[in-house]
$ cat model.txt   # compact mmCIF, C-alpha atoms
# COMPACT_ATOMS: atom_id res chain seq x y z
CA MET A 22 -16.12 -18.88 31.28
CA TRP A 23 -12.34 -18.75 30.82
CA ASP A 24 -12.60 -21.26 27.99
CA LYS A 25 -15.29 -19.13 26.35
CA LEU A 26 -13.00 -16.11 26.60
CA ILE A 27 -10.08 -17.97 25.04
CA ILE A 28 -12.27 -19.24 22.19
CA LEU A 29 -13.63 -15.74 21.63
CA LEU A 30 -10.14 -14.25 21.65
CA ASN A 31 -8.92 -16.85 19.15
CA GLN A 32 -11.83 -16.00 16.84
CA THR A 33 -11.03 -12.29 17.16
CA LEU A 34 -7.34 -12.94 16.47
CA GLU A 35 -8.21 -14.89 13.30
CA LEU A 36 -10.40 -12.02 12.19
CA TYR A 37 -7.59 -9.50 12.79
CA GLN A 38 -5.21 -11.71 10.83
CA ALA A 39 -7.70 -11.75 7.96
CA LEU A 40 -7.86 -7.94 8.13
CA LEU A 41 -4.07 -7.86 8.02
CA LYS A 42 -4.04 -9.98 4.84
CA LEU A 43 -6.65 -7.72 3.26
CA SER A 44 -4.59 -4.65 4.18
CA GLN A 45 -1.56 -6.19 2.50
CA LYS A 46 -3.66 -6.88 -0.62
CA LYS A 47 -4.94 -3.32 -0.46
CA ARG A 48 -1.38 -2.02 -0.59
CA ASP A 49 -0.76 -3.99 -3.79
CA ILE A 50 -4.05 -2.83 -5.31
CA LEU A 51 -3.24 0.81 -4.50
CA VAL A 52 0.19 0.50 -6.10
CA GLU A 53 -1.31 -1.10 -9.22
CA ALA A 54 -4.14 1.51 -9.28
CA LYS A 55 -7.07 -0.89 -9.63
CA PRO A 56 -10.15 1.00 -8.35
CA HIS A 57 -12.63 -1.85 -8.98
CA ASP A 58 -10.53 -4.30 -6.95
CA LEU A 59 -10.14 -1.68 -4.23
CA ASP A 60 -13.92 -1.31 -3.99
CA LEU A 61 -14.40 -5.09 -3.64
CA LEU A 62 -11.68 -5.35 -1.02
CA THR A 63 -13.11 -2.44 0.97
CA ARG A 64 -16.47 -4.21 1.11
CA GLN A 65 -14.76 -7.34 2.46
CA GLU A 66 -13.03 -5.20 5.10
CA GLU A 67 -16.35 -3.68 6.14
CA VAL A 68 -17.84 -7.12 6.76
CA LEU A 69 -14.85 -8.14 8.88
CA ILE A 70 -14.93 -4.90 10.86
CA ILE A 71 -18.62 -5.34 11.65
CA GLU A 72 -17.89 -8.90 12.81
CA ALA A 73 -14.98 -7.63 14.93
CA GLY A 74 -17.34 -5.16 16.60
CA LYS A 75 -19.74 -7.98 17.49
CA LEU A 76 -16.91 -10.09 18.93
CA GLU A 77 -15.64 -7.10 20.90
CA THR A 78 -19.07 -6.58 22.46
CA MET A 79 -19.18 -10.24 23.46
CA ARG A 80 -15.64 -10.00 24.88
CA LEU A 81 -16.53 -6.97 27.00
CA THR A 82 -19.60 -8.72 28.40
CA LEU A 83 -17.59 -11.84 29.19
CA THR A 84 -14.73 -9.95 30.83
CA ARG A 85 -17.21 -8.05 33.04
CA GLU A 86 -18.74 -11.35 34.10
CA LEU A 87 -15.31 -12.83 34.82
CA ALA A 88 -14.29 -9.75 36.78
CA ALA A 89 -17.47 -9.93 38.84
CA ALA A 90 -16.98 -13.67 39.48
CA ALA A 91 -13.38 -13.01 40.56
CA GLY A 92 -14.51 -10.30 42.96
CA LEU A 93 -12.88 -7.43 41.08
CA ALA A 94 -14.37 -3.96 41.27
CA PRO A 95 -16.69 -3.08 38.36
CA GLY A 96 -14.04 -0.87 36.71
CA GLU A 97 -11.22 -3.44 37.01
CA THR A 98 -11.47 -5.42 33.80
CA ALA A 99 -7.91 -4.78 32.65
CA TRP A 100 -6.05 -7.72 31.15
CA SER A 101 -3.44 -7.77 33.88
CA ALA A 102 -6.10 -7.98 36.61
CA LEU A 103 -7.99 -10.74 34.81
CA ILE A 104 -4.86 -12.74 34.05
CA GLU A 105 -3.92 -12.71 37.73
CA CYS A 106 -7.30 -14.23 38.61
CA ALA A 107 -6.93 -17.14 36.18
CA ASP A 108 -5.17 -20.44 36.85
CA SER A 109 -1.61 -20.81 35.52
CA GLU A 110 -2.56 -22.69 32.33
CA THR A 111 -5.27 -20.18 31.40
CA SER A 112 -3.00 -17.32 32.38
CA ASN A 113 -0.29 -18.58 30.00
CA LYS A 114 -2.82 -18.93 27.17
CA LEU A 115 -4.09 -15.39 27.76
CA LYS A 116 -0.56 -13.98 27.82
CA ALA A 117 0.29 -15.76 24.55
CA LEU A 118 -2.88 -14.44 22.92
CA SER A 119 -2.08 -10.96 24.15
CA GLU A 120 1.36 -11.10 22.52
CA LYS A 121 -0.15 -12.30 19.24
CA PHE A 122 -2.69 -9.46 19.34
CA ASP A 123 0.12 -6.96 19.94
CA ARG A 124 2.06 -8.26 16.95
CA VAL A 125 -0.92 -8.31 14.58
CA THR A 126 -2.19 -4.88 15.60
CA ARG A 127 1.30 -3.40 15.24
CA GLU A 128 1.53 -4.78 11.69
CA LEU A 129 -1.99 -3.53 10.91
CA VAL A 130 -1.07 -0.04 12.07
CA GLU A 131 2.09 0.00 9.92
CA ILE A 132 0.35 -1.25 6.78
CA ASN A 133 -2.63 1.05 7.26
CA GLU A 134 -0.29 4.04 7.63
CA LEU A 135 1.42 3.06 4.37
CA ASN A 136 -1.96 2.59 2.65
CA THR A 137 -3.04 6.01 3.88
CA LYS A 138 0.07 7.58 2.34
CA LEU A 139 -0.56 5.75 -0.95
CA ILE A 140 -4.16 6.98 -1.03
CA GLU A 141 -3.05 10.55 -0.28
CA GLN A 142 -0.49 10.38 -3.10
CA SER A 143 -3.15 9.08 -5.48
CA LEU A 144 -5.50 11.90 -4.50
CA ASP A 145 -2.73 14.47 -4.98
CA PHE A 146 -2.04 13.05 -8.44
CA ILE A 147 -5.74 13.12 -9.34
CA ASN A 148 -6.14 16.69 -8.07
CA TYR A 149 -3.05 17.77 -10.00
CA ASN A 150 -4.44 16.29 -13.22
CA ILE A 151 -7.86 17.85 -12.65
CA ASN A 152 -6.21 21.24 -12.13
CA ILE A 153 -4.23 20.89 -15.34
CA LEU A 154 -7.30 19.85 -17.33
CA SER A 155 -9.52 22.59 -15.92
CA GLN A 156 -7.19 25.57 -16.35
CA SER A 157 -8.50 28.21 -18.67
CA ALA A 158 -6.33 29.81 -21.29
CA VAL A 159 -4.88 32.99 -19.85
CA GLY A 160 -5.49 36.07 -21.97
CA PRO A 161 -3.40 39.18 -22.14
CA THR A 162 -3.12 41.19 -18.96
CA TYR A 163 -3.11 44.67 -20.58
CA VAL A 164 -5.26 45.78 -23.50
CA PRO A 165 -5.02 49.15 -25.30
CA LYS A 166 -7.59 51.71 -24.16
CA GLY A 167 -10.93 51.29 -25.84
CA GLN A 168 -10.32 47.69 -26.95
CA THR A 169 -11.46 44.47 -25.37
CA ALA A 170 -9.23 41.48 -24.82
CA PRO A 171 -9.65 38.75 -27.39
CA SER A 172 -11.27 35.73 -25.83
CA GLY A 173 -9.34 32.51 -26.17
CA PRO A 174 -10.82 29.07 -26.46
CA SER A 175 -12.35 27.93 -23.20
CA ARG A 176 -11.43 24.53 -21.92
CA SER A 177 -13.84 22.03 -20.50
CA ILE A 178 -13.29 18.67 -18.88
CA LEU A 179 -16.44 17.23 -20.41
CA ASP A 180 -16.99 16.91 -24.11
CA THR A 181 -20.41 18.51 -24.57
CA ARG A 182 -20.52 18.11 -28.33
CA ALA A 183 -23.39 15.97 -29.51
$ encode --input "model.txt" --output "structure tokens"
Amino acid sequence: MWDKLIILLNQTLELYQALLKLSQKKRDILVEAKPHDLDLLTRQEEVLIIEAGKLETMRLTLTRELAAAAGLAPGETAWSALIECADSETSNKLKALSEKFDRVTRELVEINELNTKLIEQSLDFINYNINILSQSAVGPTYVPKGQTAPSGPSRSILDTRA
């Protein structure tokens, strides 16, 4: 079962590394403002995330089985407890994998935070432009008694002329 866990963890790590590469590409796409490429990349990310969820479910099942086989209490499936139950070679492999996961997830968090800021800036820019385009011409504030304010040309975002 330990070998299954190590294989499963390696597959998960490869998947996280692929997500990291996609996140780096996403940063470049956001900077270059390519919405079509962003849509394609987001679809690729969705597929990887679904696969990661499946691998995580398998990992949880396997760690519960290992914990039960090692005589650990049902709630004790923490890495440290499992690593202590493994032989030294397996323990070293699990520790190395854990360090790799830490590194990859740290990089993913940093890049995703940057991508979030880039998306927020893009949305602010879009909202700013929409506000500029949709402003109506401001008419005079005060009009002499008995007269109506002249109406200015109204602005519209869409060209409704046929």
$ residues_around --input "model.txt" --residues "Val52 in chain A" --least-positions-apart "2" --cutoff "10 Å" --atoms "all atoms listed in the file" --output "PyMOL selection string"
chain A and resi 46-50+54-55+136+139-140+143
$ closest_residue --input "model.txt" --among "A:His57, A:Gly167, A:Leu26, A:Lys75" --to "Trp100 in chain A" --atoms "all atoms listed in the file"
A:Leu26
$ closest_residue --input "model.txt" --among "A:Lys42, A:Arg85, A:Lys166, A:Lys25" --to "Val125 in chain A" --atoms "all atoms listed in the file"
A:Lys42
$ residues_around --input "model.txt" --residues "range 102-110 of chain A" --least-positions-apart "3" --cutoff "12 Å" --atoms "all atoms listed in the file" --output "PDB file with C-alpha atoms, keeping the file's coordinate frame"
ATOM      1  CA  MET A  22     -16.120 -18.880  31.280  1.00  0.00           C
ATOM      2  CA  TRP A  23     -12.340 -18.750  30.820  1.00  0.00           C
ATOM      3  CA  ASP A  24     -12.600 -21.260  27.990  1.00  0.00           C
ATOM      4  CA  LEU A  26     -13.000 -16.110  26.600  1.00  0.00           C
ATOM      5  CA  ILE A  27     -10.080 -17.970  25.040  1.00  0.00           C
ATOM      6  CA  LEU A  83     -17.590 -11.840  29.190  1.00  0.00           C
ATOM      7  CA  THR A  84     -14.730  -9.950  30.830  1.00  0.00           C
ATOM      8  CA  ARG A  85     -17.210  -8.050  33.040  1.00  0.00           C
ATOM      9  CA  GLU A  86     -18.740 -11.350  34.100  1.00  0.00           C
ATOM     10  CA  LEU A  87     -15.310 -12.830  34.820  1.00  0.00           C
ATOM     11  CA  ALA A  88     -14.290  -9.750  36.780  1.00  0.00           C
ATOM     12  CA  ALA A  89     -17.470  -9.930  38.840  1.00  0.00           C
ATOM     13  CA  ALA A  90     -16.980 -13.670  39.480  1.00  0.00           C
ATOM     14  CA  ALA A  91     -13.380 -13.010  40.560  1.00  0.00           C
ATOM     15  CA  GLY A  92     -14.510 -10.300  42.960  1.00  0.00           C
ATOM     16  CA  LEU A  93     -12.880  -7.430  41.080  1.00  0.00           C
ATOM     17  CA  ALA A  94     -14.370  -3.960  41.270  1.00  0.00           C
ATOM     18  CA  PRO A  95     -16.690  -3.080  38.360  1.00  0.00           C
ATOM     19  CA  GLY A  96     -14.040  -0.870  36.710  1.00  0.00           C
ATOM     20  CA  GLU A  97     -11.220  -3.440  37.010  1.00  0.00           C
ATOM     21  CA  THR A  98     -11.470  -5.420  33.800  1.00  0.00           C
ATOM     22  CA  ALA A  99      -7.910  -4.780  32.650  1.00  0.00           C
ATOM     23  CA  ASN A 113      -0.290 -18.580  30.000  1.00  0.00           C
ATOM     24  CA  LYS A 114      -2.820 -18.930  27.170  1.00  0.00           C
ATOM     25  CA  LEU A 115      -4.090 -15.390  27.760  1.00  0.00           C
ATOM     26  CA  LYS A 116      -0.560 -13.980  27.820  1.00  0.00           C
ATOM     27  CA  ALA A 117       0.290 -15.760  24.550  1.00  0.00           C
ATOM     28  CA  LEU A 118      -2.880 -14.440  22.920  1.00  0.00           C
ATOM     29  CA  SER A 119      -2.080 -10.960  24.150  1.00  0.00           C
TER      30      SER A 119
END
$ atom_distance --input "model.txt" --atom1 "CA of Ile28 in chain A" --atom2 "CA of Leu69 in chain A"
17.5 Å
$ closest_residue --input "model.txt" --among "A:Ser44, A:Thr33, A:Thr111, A:Thr63" --to "Thr78 in chain A" --atoms "all atoms listed in the file"
A:Thr33
$ atom_distance --input "model.txt" --atom1 "CA of Leu41 in chain A" --atom2 "CA of Glu128 in chain A"
7.4 Å
$ atom_distance --input "model.txt" --atom1 "CA of Arg80 in chain A" --atom2 "CA of Asn31 in chain A"
11.2 Å
$ decode --input "model.txt" --residues "range 36-67 of chain A" --atoms "N, CA and C atoms" --output "JSON list (two decimals), in the first residue's frame"
[["chain", "number", "residue", "atom", "x", "y", "z"],
["A", 36, "LEU", "N", 0.62, 16.61, -11.57],
["A", 36, "LEU", "CA", -0.56, 17.38, -11.90],
["A", 36, "LEU", "C", -0.45, 18.81, -11.36],
["A", 37, "TYR", "N", 0.03, 18.96, -10.13],
["A", 37, "TYR", "CA", 0.23, 20.29, -9.55],
["A", 37, "TYR", "C", 1.29, 21.08, -10.31],
["A", 38, "GLN", "N", 2.32, 20.39, -10.78],
["A", 38, "GLN", "CA", 3.35, 21.07, -11.56],
["A", 38, "GLN", "C", 2.78, 21.54, -12.90],
["A", 39, "ALA", "N", 1.88, 20.75, -13.48],
["A", 39, "ALA", "CA", 1.22, 21.16, -14.72],
["A", 39, "ALA", "C", 0.32, 22.38, -14.46],
["A", 40, "LEU", "N", -0.37, 22.38, -13.32],
["A", 40, "LEU", "CA", -1.18, 23.55, -12.95],
["A", 40, "LEU", "C", -0.30, 24.79, -12.76],
["A", 41, "LEU", "N", 0.88, 24.59, -12.20],
["A", 41, "LEU", "CA", 1.81, 25.70, -12.00],
["A", 41, "LEU", "C", 2.23, 26.28, -13.36],
["A", 42, "LYS", "N", 2.54, 25.42, -14.31],
["A", 42, "LYS", "CA", 2.92, 25.90, -15.65],
["A", 42, "LYS", "C", 1.77, 26.66, -16.31],
["A", 43, "LEU", "N", 0.55, 26.13, -16.15],
["A", 43, "LEU", "CA", -0.61, 26.83, -16.71],
["A", 43, "LEU", "C", -0.82, 28.19, -16.04],
["A", 44, "SER", "N", -0.59, 28.26, -14.75],
["A", 44, "SER", "CA", -0.74, 29.53, -14.04],
["A", 44, "SER", "C", 0.29, 30.55, -14.52],
["A", 45, "GLN", "N", 1.49, 30.08, -14.82],
["A", 45, "GLN", "CA", 2.52, 30.97, -15.35],
["A", 45, "GLN", "C", 2.12, 31.46, -16.75],
["A", 46, "LYS", "N", 1.56, 30.57, -17.57],
["A", 46, "LYS", "CA", 1.07, 30.96, -18.89],
["A", 46, "LYS", "C", -0.08, 31.96, -18.75],
["A", 47, "LYS", "N", -0.93, 31.72, -17.76],
["A", 47, "LYS", "CA", -2.07, 32.60, -17.54],
["A", 47, "LYS", "C", -1.59, 34.02, -17.24],
["A", 48, "ARG", "N", -0.54, 34.13, -16.46],
["A", 48, "ARG", "CA", 0.01, 35.45, -16.14],
["A", 48, "ARG", "C", 0.40, 36.17, -17.43],
["A", 49, "ASP", "N", 1.09, 35.48, -18.32],
["A", 49, "ASP", "CA", 1.51, 36.08, -19.59],
["A", 49, "ASP", "C", 0.30, 36.46, -20.45],
["A", 50, "ILE", "N", -0.71, 35.60, -20.48],
["A", 50, "ILE", "CA", -1.91, 35.87, -21.26],
["A", 50, "ILE", "C", -2.66, 37.08, -20.71],
["A", 51, "LEU", "N", -2.72, 37.19, -19.38],
["A", 51, "LEU", "CA", -3.39, 38.34, -18.77],
["A", 51, "LEU", "C", -2.65, 39.64, -19.08],
["A", 52, "VAL", "N", -1.33, 39.59, -19.06],
["A", 52, "VAL", "CA", -0.54, 40.79, -19.36],
["A", 52, "VAL", "C", -0.74, 41.19, -20.82],
["A", 53, "GLU", "N", -0.81, 40.21, -21.71],
["A", 53, "GLU", "CA", -0.97, 40.49, -23.14],
["A", 53, "GLU", "C", -2.43, 40.74, -23.53],
["A", 54, "ALA", "N", -3.35, 40.54, -22.58],
["A", 54, "ALA", "CA", -4.79, 40.76, -22.80],
["A", 54, "ALA", "C", -5.31, 39.96, -23.99],
["A", 55, "LYS", "N", -5.23, 38.65, -23.89],
["A", 55, "LYS", "CA", -5.73, 37.75, -24.93],
["A", 55, "LYS", "C", -6.88, 36.92, -24.36],
["A", 56, "PRO", "N", -8.12, 37.41, -24.45],
["A", 56, "PRO", "CA", -9.24, 36.72, -23.82],
["A", 56, "PRO", "C", -9.52, 35.33, -24.38],
["A", 57, "HIS", "N", -9.33, 35.12, -25.68],
["A", 57, "HIS", "CA", -9.57, 33.79, -26.26],
["A", 57, "HIS", "C", -8.59, 32.77, -25.68],
["A", 58, "ASP", "N", -7.33, 33.14, -25.60],
["A", 58, "ASP", "CA", -6.31, 32.24, -25.03],
["A", 58, "ASP", "C", -6.60, 31.97, -23.56],
["A", 59, "LEU", "N", -7.08, 32.98, -22.87],
["A", 59, "LEU", "CA", -7.41, 32.82, -21.45],
["A", 59, "LEU", "C", -8.54, 31.82, -21.27],
["A", 60, "ASP", "N", -9.53, 31.87, -22.14],
["A", 60, "ASP", "CA", -10.64, 30.93, -22.08],
["A", 60, "ASP", "C", -10.15, 29.49, -22.29],
["A", 61, "LEU", "N", -9.30, 29.29, -23.28],
["A", 61, "LEU", "CA", -8.76, 27.95, -23.55],
["A", 61, "LEU", "C", -7.94, 27.43, -22.37],
["A", 62, "LEU", "N", -7.13, 28.30, -21.81],
["A", 62, "LEU", "CA", -6.29, 27.91, -20.69],
["A", 62, "LEU", "C", -7.13, 27.57, -19.46],
["A", 63, "THR", "N", -8.18, 28.33, -19.24],
["A", 63, "THR", "CA", -9.06, 28.09, -18.10],
["A", 63, "THR", "C", -9.73, 26.72, -18.22],
["A", 64, "ARG", "N", -10.08, 26.35, -19.42],
["A", 64, "ARG", "CA", -10.68, 25.02, -19.64],
["A", 64, "ARG", "C", -9.68, 23.91, -19.33],
["A", 65, "GLN", "N", -8.43, 24.12, -19.70],
["A", 65, "GLN", "CA", -7.38, 23.14, -19.38],
["A", 65, "GLN", "C", -7.21, 23.03, -17.87],
["A", 66, "GLU", "N", -7.24, 24.16, -17.19],
["A", 66, "GLU", "CA", -7.12, 24.16, -15.72],
["A", 66, "GLU", "C", -8.27, 23.40, -15.08],
["A", 67, "GLU", "N", -9.47, 23.58, -15.60],
["A", 67, "GLU", "CA", -10.63, 22.89, -15.04],
["A", 67, "GLU", "C", -10.46, 21.38, -15.11]]
